[in-house]
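Heads up, work.cif below (mmCIF, C-alpha atoms and all ligand atoms):
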```
data_query
#
loop_
_atom_site.group_PDB
_atom_site.id
_atom_site.type_symbol
_atom_site.label_atom_id
_atom_site.label_comp_id
_atom_site.auth_asym_id
_atom_site.auth_seq_id
_atom_site.Cartn_x
_atom_site.Cartn_y
_atom_site.Cartn_z
ATOM 1 C CA MET T 54 -42.047 -28.538 -44.270
ATOM 2 C CA GLN T 55 -42.472 -30.213 -40.904
ATOM 3 C CA ARG T 56 -46.273 -29.834 -40.899
ATOM 4 C CA ALA T 57 -46.490 -31.135 -44.460
ATOM 5 C CA ASP T 58 -44.282 -34.111 -43.568
ATOM 6 C CA GLU T 59 -46.507 -34.931 -40.610
ATOM 7 C CA ALA T 60 -49.630 -34.716 -42.771
ATOM 8 C CA THR T 61 -48.231 -37.116 -45.366
ATOM 9 C CA ALA T 62 -46.438 -39.431 -42.909
ATOM 10 C CA ASP T 63 -48.845 -42.342 -43.443
ATOM 11 C CA VAL T 64 -48.806 -42.274 -47.221
ATOM 12 C CA TRP T 65 -46.223 -45.037 -47.718
ATOM 13 C CA PRO T 66 -46.346 -48.648 -46.575
ATOM 14 C CA GLU T 67 -43.644 -49.194 -43.952
ATOM 15 C CA TYR T 68 -41.382 -51.294 -46.207
ATOM 16 C CA ASN T 69 -41.269 -48.434 -48.693
ATOM 17 C CA ARG T 70 -39.593 -46.144 -46.186
ATOM 18 C CA HIS T 71 -36.293 -48.018 -46.194
ATOM 19 C CA GLY T 72 -34.751 -47.494 -49.628
ATOM 20 C CA ASP T 73 -31.037 -48.343 -49.825
ATOM 21 C CA PHE T 74 -30.349 -45.273 -51.964
ATOM 22 C CA VAL T 75 -33.471 -43.177 -51.485
ATOM 23 C CA ASN T 76 -33.142 -42.863 -47.716
ATOM 24 C CA PRO T 77 -29.586 -41.491 -47.580
ATOM 25 C CA ASN T 78 -30.318 -39.101 -50.457
ATOM 26 C CA TRP T 79 -33.836 -37.828 -49.693
ATOM 27 C CA GLY T 80 -32.873 -35.148 -47.179
ATOM 28 C CA ARG T 81 -29.920 -34.133 -49.328
ATOM 29 C CA MET T 82 -32.262 -33.683 -52.312
ATOM 30 C CA ARG T 83 -34.715 -31.544 -50.373
ATOM 31 C CA ALA T 84 -31.938 -29.390 -48.940
ATOM 32 C CA ALA T 85 -30.261 -28.899 -52.328
ATOM 33 C CA PHE T 86 -33.438 -28.204 -54.313
ATOM 34 C CA PRO T 87 -35.925 -26.416 -52.026
ATOM 35 C CA ASP T 88 -37.461 -24.577 -55.006
ATOM 36 C CA PHE T 89 -38.694 -27.917 -56.337
ATOM 37 C CA GLU T 90 -40.662 -28.930 -53.253
ATOM 38 C CA LEU T 91 -44.419 -28.296 -53.468
ATOM 39 C CA VAL T 92 -47.068 -28.329 -50.739
ATOM 40 C CA LEU T 93 -50.720 -28.181 -51.781
ATOM 41 C CA CYS T 94 -52.945 -26.549 -49.177
ATOM 42 C CA ASP T 95 -56.603 -25.822 -48.730
ATOM 43 C CA ALA T 96 -56.424 -22.015 -48.681
ATOM 44 C CA PRO T 97 -58.997 -21.007 -46.028
ATOM 45 C CA GLU T 98 -57.887 -23.562 -43.426
ATOM 46 C CA GLU T 99 -54.297 -23.925 -44.607
ATOM 47 C CA GLU T 100 -54.811 -27.669 -44.252
ATOM 48 C CA VAL T 101 -52.081 -29.638 -46.004
ATOM 49 C CA LEU T 102 -53.586 -31.764 -48.793
ATOM 50 C CA ALA T 103 -50.536 -33.092 -50.600
ATOM 51 C CA GLN T 104 -46.807 -32.824 -51.161
ATOM 52 C CA ALA T 105 -44.900 -33.203 -54.396
ATOM 53 C CA HIS T 106 -41.134 -33.699 -54.526
ATOM 54 C CA SER T 107 -39.044 -33.159 -57.624
ATOM 55 C CA LEU T 108 -35.566 -32.188 -58.726
ATOM 56 C CA PRO T 109 -33.941 -30.819 -61.872
ATOM 57 C CA LEU T 110 -31.453 -32.860 -63.894
ATOM 58 C CA ALA T 111 -29.855 -33.068 -67.309
ATOM 59 C CA TRP T 112 -31.663 -35.381 -69.743
ATOM 60 C CA ASP T 113 -30.816 -35.853 -73.417
ATOM 61 C CA GLY T 114 -34.394 -36.637 -74.423
ATOM 62 C CA THR T 115 -33.774 -40.323 -75.176
ATOM 63 C CA ALA T 116 -35.061 -43.439 -73.426
ATOM 64 C CA ALA T 117 -31.481 -44.654 -72.990
ATOM 65 C CA GLY T 118 -30.480 -41.336 -71.436
ATOM 66 C CA LEU T 119 -32.950 -41.646 -68.555
ATOM 67 C CA PRO T 120 -31.540 -42.594 -65.155
ATOM 68 C CA ARG T 121 -31.708 -46.355 -64.637
ATOM 69 C CA GLY T 122 -34.354 -45.915 -61.957
ATOM 70 C CA ILE T 123 -35.203 -43.772 -58.936
ATOM 71 C CA ASP T 124 -31.996 -44.905 -57.229
ATOM 72 C CA SER T 125 -29.921 -43.495 -60.090
ATOM 73 C CA VAL T 126 -31.716 -40.152 -60.250
ATOM 74 C CA PHE T 127 -29.575 -38.732 -57.467
ATOM 75 C CA GLU T 128 -26.245 -39.265 -59.216
ATOM 76 C CA HIS T 129 -27.703 -37.613 -62.345
ATOM 77 C CA ALA T 130 -29.041 -34.670 -60.335
ATOM 78 C CA PHE T 131 -25.773 -34.151 -58.441
ATOM 79 C CA SER T 132 -23.514 -34.655 -61.475
ATOM 80 C CA GLY T 133 -23.034 -30.925 -61.993
ATOM 81 C CA ALA T 134 -24.493 -31.005 -65.523
ATOM 82 C CA THR T 135 -26.836 -28.139 -66.434
ATOM 83 C CA PRO T 136 -30.431 -29.272 -65.814
ATOM 84 C CA THR T 137 -32.763 -29.544 -68.792
ATOM 85 C CA ALA T 138 -35.672 -31.469 -67.256
ATOM 86 C CA LEU T 139 -37.641 -31.723 -64.054
ATOM 87 C CA CYS T 140 -37.825 -35.202 -62.542
ATOM 88 C CA ALA T 141 -40.879 -35.966 -60.388
ATOM 89 C CA MET T 142 -39.770 -38.020 -57.387
ATOM 90 C CA ALA T 143 -43.015 -38.487 -55.444
ATOM 91 C CA VAL T 144 -46.554 -37.230 -55.117
ATOM 92 C CA GLU T 145 -48.048 -37.798 -51.681
ATOM 93 C CA ILE T 146 -51.749 -37.104 -51.255
ATOM 94 C CA VAL T 147 -52.868 -37.056 -47.614
ATOM 95 C CA PRO T 148 -54.821 -40.350 -47.214
ATOM 96 C CA ALA T 149 -58.086 -38.625 -46.225
ATOM 97 C CA HIS T 150 -57.948 -36.662 -49.490
ATOM 98 C CA GLN T 151 -57.014 -39.511 -51.856
ATOM 99 C CA GLY T 152 -59.479 -40.408 -54.588
ATOM 100 C CA GLY T 153 -60.712 -36.826 -54.964
ATOM 101 C CA GLY T 154 -58.844 -35.751 -58.073
ATOM 102 C CA LEU T 155 -55.876 -34.107 -56.359
ATOM 103 C CA ALA T 156 -53.340 -36.216 -58.244
ATOM 104 C CA ARG T 157 -53.958 -34.272 -61.431
ATOM 105 C CA ARG T 158 -53.618 -30.956 -59.607
ATOM 106 C CA ALA T 159 -50.326 -32.031 -58.061
ATOM 107 C CA LEU T 160 -48.971 -33.068 -61.452
ATOM 108 C CA ASP T 161 -50.224 -29.874 -63.016
ATOM 109 C CA ALA T 162 -48.368 -27.909 -60.352
ATOM 110 C CA MET T 163 -45.153 -29.784 -61.163
ATOM 111 C CA ARG T 164 -45.611 -29.125 -64.870
ATOM 112 C CA ARG T 165 -45.980 -25.393 -64.171
ATOM 113 C CA LEU T 166 -42.994 -25.464 -61.820
ATOM 114 C CA ALA T 167 -40.854 -26.978 -64.574
ATOM 115 C CA LEU T 168 -41.879 -24.313 -67.062
ATOM 116 C CA ALA T 169 -41.305 -21.549 -64.514
ATOM 117 C CA HIS T 170 -37.681 -22.742 -64.343
ATOM 118 C CA GLY T 171 -37.317 -22.935 -68.111
ATOM 119 C CA LEU T 172 -37.440 -26.751 -68.136
ATOM 120 C CA ARG T 173 -39.470 -28.083 -71.061
ATOM 121 C CA ASP T 174 -39.622 -31.746 -70.035
ATOM 122 C CA LEU T 175 -41.109 -33.377 -66.980
ATOM 123 C CA ILE T 176 -40.019 -36.977 -66.484
ATOM 124 C CA ALA T 177 -41.388 -39.298 -63.817
ATOM 125 C CA PRO T 178 -40.368 -42.753 -62.603
ATOM 126 C CA VAL T 179 -44.013 -43.608 -61.924
ATOM 127 C CA ARG T 180 -44.885 -46.050 -59.141
ATOM 128 C CA PRO T 181 -48.024 -47.654 -60.581
ATOM 129 C CA SER T 182 -50.554 -47.669 -57.757
ATOM 130 C CA TRP T 183 -52.412 -50.853 -58.754
ATOM 131 C CA LYS T 184 -49.255 -52.874 -59.418
ATOM 132 C CA GLU T 185 -49.580 -54.090 -55.826
ATOM 133 C CA ARG T 186 -52.613 -56.068 -57.002
ATOM 134 C CA TYR T 187 -50.472 -57.867 -59.607
ATOM 135 C CA PRO T 188 -47.081 -58.409 -57.929
ATOM 136 C CA LEU T 189 -46.247 -61.415 -60.134
ATOM 137 C CA THR T 190 -46.880 -59.656 -63.444
ATOM 138 C CA PRO T 191 -43.688 -58.258 -65.009
ATOM 139 C CA ILE T 192 -43.748 -54.443 -65.179
ATOM 140 C CA GLU T 193 -42.964 -54.747 -68.895
ATOM 141 C CA ARG T 194 -46.440 -56.239 -69.387
ATOM 142 C CA TYR T 195 -48.327 -54.383 -66.656
ATOM 143 C CA ALA T 196 -47.279 -50.932 -67.886
ATOM 144 C CA GLY T 197 -48.785 -51.699 -71.284
ATOM 145 C CA TRP T 198 -52.194 -52.850 -70.039
ATOM 146 C CA ARG T 199 -55.088 -50.718 -71.275
ATOM 147 C CA ARG T 200 -58.775 -50.481 -70.453
ATOM 148 C CA THR T 201 -61.477 -51.005 -73.039
ATOM 149 C CA ASP T 202 -61.663 -47.203 -73.497
ATOM 150 C CA GLY T 203 -58.025 -47.276 -74.649
ATOM 151 C CA LEU T 204 -56.574 -45.497 -71.614
ATOM 152 C CA LEU T 205 -53.856 -47.024 -69.442
ATOM 153 C CA PHE T 206 -55.101 -49.574 -66.905
ATOM 154 C CA ASP T 207 -53.182 -48.187 -63.939
ATOM 155 C CA PRO T 208 -54.976 -45.224 -62.268
ATOM 156 C CA TRP T 209 -51.846 -43.228 -61.433
ATOM 157 C CA MET T 210 -50.246 -43.801 -64.836
ATOM 158 C CA ARG T 211 -53.576 -42.756 -66.341
ATOM 159 C CA VAL T 212 -53.431 -39.386 -64.579
ATOM 160 C CA HIS T 213 -50.093 -38.784 -66.297
ATOM 161 C CA GLU T 214 -51.481 -40.022 -69.625
ATOM 162 C CA ARG T 215 -54.525 -37.735 -69.440
ATOM 163 C CA LEU T 216 -52.116 -34.795 -69.168
ATOM 164 C CA GLY T 217 -50.368 -35.952 -72.345
ATOM 165 C CA ALA T 218 -47.525 -38.063 -70.934
ATOM 166 C CA THR T 219 -46.286 -41.229 -72.615
ATOM 167 C CA VAL T 220 -44.450 -44.279 -71.287
ATOM 168 C CA VAL T 221 -40.830 -44.055 -72.430
ATOM 169 C CA ARG T 222 -39.277 -47.025 -70.664
ATOM 170 C CA VAL T 223 -40.037 -49.451 -67.876
ATOM 171 C CA GLU T 224 -37.587 -50.218 -65.123
ATOM 172 C CA PRO T 225 -37.992 -53.520 -63.212
ATOM 173 C CA ARG T 226 -35.171 -52.570 -60.842
ATOM 174 C CA SER T 227 -35.804 -48.942 -59.962
ATOM 175 C CA LEU T 228 -35.657 -48.717 -56.170
ATOM 176 C CA ARG T 229 -33.813 -51.218 -54.000
ATOM 177 C CA ILE T 230 -34.784 -52.046 -50.434
ATOM 178 C CA THR T 231 -32.599 -54.392 -48.386
ATOM 179 C CA GLY T 232 -33.103 -55.459 -44.790
ATOM 180 C CA THR T 233 -32.572 -58.339 -42.414
ATOM 181 C CA VAL T 234 -35.250 -61.032 -42.382
ATOM 182 C CA GLY T 235 -36.424 -59.647 -39.027
ATOM 183 C CA GLU T 236 -36.727 -56.151 -40.472
ATOM 184 C CA TRP T 237 -38.742 -57.406 -43.432
ATOM 185 C CA GLU T 238 -40.994 -59.380 -41.097
ATOM 186 C CA ALA T 239 -41.579 -56.251 -39.016
ATOM 187 C CA TRP T 240 -42.113 -53.982 -42.051
ATOM 188 C CA THR T 241 -44.667 -56.328 -43.637
ATOM 189 C CA ALA T 242 -46.189 -57.977 -40.508
ATOM 190 C CA LEU T 243 -45.574 -61.297 -42.276
ATOM 191 C CA PRO T 244 -43.380 -64.196 -41.128
ATOM 192 C CA PHE T 245 -40.968 -65.591 -43.755
ATOM 193 C CA PRO T 246 -40.266 -69.115 -42.446
ATOM 194 C CA GLU T 247 -37.882 -70.225 -45.178
ATOM 195 C CA THR T 248 -35.694 -68.940 -47.983
ATOM 196 C CA GLY T 249 -37.684 -68.041 -51.106
ATOM 197 C CA GLU T 250 -39.652 -65.410 -53.028
ATOM 198 C CA TYR T 251 -42.690 -63.982 -51.256
ATOM 199 C CA VAL T 252 -45.664 -61.872 -52.227
ATOM 200 C CA PHE T 253 -46.406 -59.431 -49.392
ATOM 201 C CA PRO T 254 -49.090 -56.809 -48.645
ATOM 202 C CA GLY T 255 -48.535 -53.598 -50.603
ATOM 203 C CA GLY T 256 -45.547 -54.977 -52.536
ATOM 204 C CA LEU T 257 -45.382 -54.124 -56.229
ATOM 205 C CA ALA T 258 -43.146 -57.145 -56.736
ATOM 206 C CA THR T 259 -41.946 -60.037 -54.583
ATOM 207 C CA VAL T 260 -39.287 -59.908 -51.880
ATOM 208 C CA ALA T 261 -36.428 -62.407 -52.044
ATOM 209 C CA ILE T 262 -35.778 -63.818 -48.576
ATOM 210 C CA ASP T 263 -32.472 -65.521 -47.827
ATOM 211 C CA ARG T 264 -32.626 -66.885 -44.286
ATOM 212 C CA GLU T 265 -29.053 -68.225 -44.365
ATOM 213 C CA ALA T 266 -27.673 -64.759 -45.216
ATOM 214 C CA ASP T 267 -30.342 -63.110 -42.994
ATOM 215 C CA ARG T 268 -31.313 -60.809 -45.833
ATOM 216 C CA GLY T 269 -34.433 -59.735 -47.699
ATOM 217 C CA ARG T 270 -34.112 -57.850 -50.964
ATOM 218 C CA TYR T 271 -36.830 -56.132 -52.963
ATOM 219 C CA TRP T 272 -36.635 -54.202 -56.195
ATOM 220 C CA GLU T 273 -39.503 -51.792 -56.831
ATOM 221 C CA PRO T 274 -40.443 -51.487 -60.500
ATOM 222 C CA ASN T 275 -41.329 -48.154 -62.109
ATOM 223 C CA ALA T 276 -42.488 -46.896 -65.483
ATOM 224 C CA TRP T 277 -40.720 -43.829 -66.839
ATOM 225 C CA MET T 278 -43.246 -41.372 -68.240
ATOM 226 C CA HIS T 279 -42.500 -38.171 -70.129
ATOM 227 C CA HIS T 280 -44.478 -34.942 -70.318
ATOM 228 C CA ALA T 281 -43.298 -32.759 -73.192
ATOM 229 C CA LEU T 282 -44.089 -29.247 -71.999
ATOM 230 C CA GLY T 283 -42.628 -27.072 -74.702
HETATM 231 C C1 LIG J 301 -51.288 -42.348 -56.264
HETATM 232 C C2 LIG J 301 -51.906 -41.031 -55.789
HETATM 233 C C3 LIG J 301 -50.909 -39.894 -56.029
HETATM 234 C C4 LIG J 301 -53.177 -40.787 -56.598
HETATM 235 O O1 LIG J 301 -53.822 -39.662 -56.092
HETATM 236 P P1 LIG J 301 -55.399 -39.685 -55.754
HETATM 237 O O2 LIG J 301 -55.769 -38.346 -55.245
HETATM 238 O O3 LIG J 301 -55.660 -40.832 -54.835
HETATM 239 O O4 LIG J 301 -56.038 -40.003 -57.154
HETATM 240 P P2 LIG J 301 -57.155 -39.210 -57.927
HETATM 241 O O5 LIG J 301 -58.380 -39.045 -57.081
HETATM 242 O O6 LIG J 301 -56.607 -37.959 -58.490
HETATM 243 O O7 LIG J 301 -57.503 -40.252 -59.066
HETATM 244 C C5 LIG J 301 -56.557 -40.649 -60.011
HETATM 245 C C6 LIG J 301 -57.136 -41.805 -60.768
HETATM 246 O O8 LIG J 301 -57.216 -42.933 -59.893
HETATM 247 C C7 LIG J 301 -58.569 -43.389 -59.780
HETATM 248 N N1 LIG J 301 -58.750 -43.756 -58.398
HETATM 249 C C8 LIG J 301 -58.373 -43.065 -57.311
HETATM 250 N N2 LIG J 301 -58.696 -43.730 -56.194
HETATM 251 C C9 LIG J 301 -59.296 -44.866 -56.595
HETATM 252 C C10 LIG J 301 -59.845 -45.971 -55.913
HETATM 253 N N3 LIG J 301 -59.848 -46.058 -54.578
HETATM 254 N N4 LIG J 301 -60.371 -46.968 -56.636
HETATM 255 C C11 LIG J 301 -60.375 -46.901 -57.959
HETATM 256 N N5 LIG J 301 -59.845 -45.879 -58.687
HETATM 257 C C12 LIG J 301 -59.320 -44.879 -57.995
HETATM 258 C C13 LIG J 301 -59.407 -42.217 -60.167
HETATM 259 O O9 LIG J 301 -60.652 -42.646 -60.697
HETATM 260 C C14 LIG J 301 -58.546 -41.561 -61.240
HETATM 261 O O10 LIG J 301 -58.632 -42.224 -62.475
HETATM 262 P P3 LIG J 301 -59.474 -41.561 -63.671
HETATM 263 O O11 LIG J 301 -58.935 -40.156 -63.823
HETATM 264 O O12 LIG J 301 -59.167 -42.376 -64.844
HETATM 265 O O13 LIG J 301 -60.872 -41.583 -63.238
HETATM 266 C C15 LIG J 301 -52.293 -41.098 -54.282
HETATM 267 O O14 LIG J 301 -53.217 -42.133 -54.088
HETATM 268 C C16 LIG J 301 -51.129 -41.277 -53.331
HETATM 269 O O15 LIG J 301 -50.571 -40.303 -52.847
HETATM 270 N N6 LIG J 301 -50.762 -42.543 -53.031
HETATM 271 C C17 LIG J 301 -49.705 -42.897 -52.096
HETATM 272 C C18 LIG J 301 -48.313 -42.493 -52.573
HETATM 273 C C19 LIG J 301 -48.053 -42.920 -53.978
HETATM 274 O O16 LIG J 301 -48.124 -44.087 -54.337
HETATM 275 N N7 LIG J 301 -47.739 -41.927 -54.802
HETATM 276 C C20 LIG J 301 -47.491 -42.162 -56.218
HETATM 277 C C21 LIG J 301 -46.103 -42.595 -56.481
HETATM 278 S S1 LIG J 301 -44.987 -41.255 -56.445
#
```

What does the file become when written as structure tokens?
Amino acid sequence: MQRADEATADVWPEYNRHGDFVNPNWGRMRAAFPDFELVLCDAPEEEVLAQAHSLPLAWDGTAAGLPRGIDSVFEHAFSGATPTALCAMAVEIVPAHQGGGLARRALDAMRRLALAHGLRDLIAPVRPSWKERYPLTPIERYAGWRRTDGLLFDPWMRVHERLGATVVRVEPRSLRITGTVGEWEAWTALPFPETGEYVFPGGLATVAIDREADRGRYWEPNAWMHHALG
């Protein structure tokens, strides 16, 4: 996995690499569920093109039964309940290969992986890739936007939709990232001179800066999408 991790190291904006719950659980997830880690390679050269991370969990098939967000996925996955669904955690296309249609292939691979393990549902807390262009729009509205051809507005959500997935629920507070003001300034290369809400480069929502408490807090929104595979 080391080569694949190096190849996809630049996929995330720096701020996104500091999740309060994701960071302490990511390595644990990969160690516990190695069968649900995928690496897409170019066969002749064995060049790494993408990684896809997922994990199995129990899901009752209802919107209310979904984990609250990405942060809550781990407690569901480690609850000891018999898994019934595969949960996509991230697709990381190597930057030089983005925009070439690999997203669909990565999702397809996860769908086949789920079926190979007898799991008939693939659920995904989707991080809408163009939400960063509309950080002030509530995810409840953004996730419903459609193009004139009727397909979802967001490119990454559209890849899911083209494979038959539907939006089940949106989650404004899916992934929490907390840091000192100095950390947030370093992660975003943006000074935050006073307490307040700030739009920042690559942010899907605003970051709340509290200079008196020396804290910045950001909640990443996601849209839960469901692929019925059975
Ligand atoms: C989001 C991501 C997985 C999409 O993969 P990709 O290989 O770049 O996307 P694809 O080439 O398969 O295209 C998917 C859709 O986005 C559109 N798209 C891709 N790049 C685009 C660009 N630069 N401008 C406009 N549209 C673009 C494609 O047209 C396609 O839509 P369509 O099928 O309706 O035509 C990839 O960019 C990525 O890894 N991003 C960083 C990590 C991330 O955010 N992962 C997703 C959250 S887990």

Residues matched by the PyMOL selection byres (((chain T and resi 86) around 12) and not hetatm), written as a list in words: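 Taken over the shown coordinates, the PyMOL selection byres (((chain T and resi 86) around 12) and not hetatm) returns Asn78, Trp79, Gly80, Arg81, Met82, Arg83, Ala84, Ala85, Pro87, Asp88, Phe89, Glu90, Leu91, His106, Ser107, Leu108, Pro109, Leu110, Phe127, Ala130, Phe131, Pro136, Leu139 and Cys140 of chain T.
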
Nearby polymer residues, ligand LIG 301 (chain J), at most 10 Å, all atoms listed in the file, as a ChimeraX atom specification: /T:61,63-66,69,102-106,141-160,177-183,200,204-215,275

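Nearest residue to Arg194 of chain T, choosing from T:Val223, T:Ala258, T:Ile176, T:Ala57 and counting only C-alpha atoms: T:Val223.
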
Interatomic distance, atom CA of Asp58 of chain T to atom CA of Gly72 of chain T (Å, one decimal):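 If I compute the distance from atom CA of Asp58 of chain T to atom CA of Gly72 of chain T, I get 17.5 Å.
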
For Tyr271 of chain T: contacts at 7 Å, only C-alpha atoms, fewer than 2 positions along chain excluded, given as number ranges by chain: T: 229-231, 259-261, 269, 273

Atom-to-atom span, atom CA of Arg222 of chain T and atom CA of Leu119 of chain T, Å: 8.6 Å

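Counting from atom CA of Ala138 of chain T, the distance to atom CA of Trp277 of chain T is 13.4 Å.
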
The PyMOL selection byres (((chain T and resi 247) around 9) and not hetatm) applied to the shown file, residues as a ChimeraX atom specification: /T:245-246,248-249,262-264

Result set, the PyMOL selection byres (((chain T and resi 172) around 10) and not hetatm) on current file, as number ranges by chain: T: 109-111, 136-139, 164-171, 173-175, 281-283

Shortest interatomic distance to Thr241 of chain T - which of T:Ala276, T:Arg70, T:Glu98, T:Ala62, counting all atoms listed in the file: T:Arg70
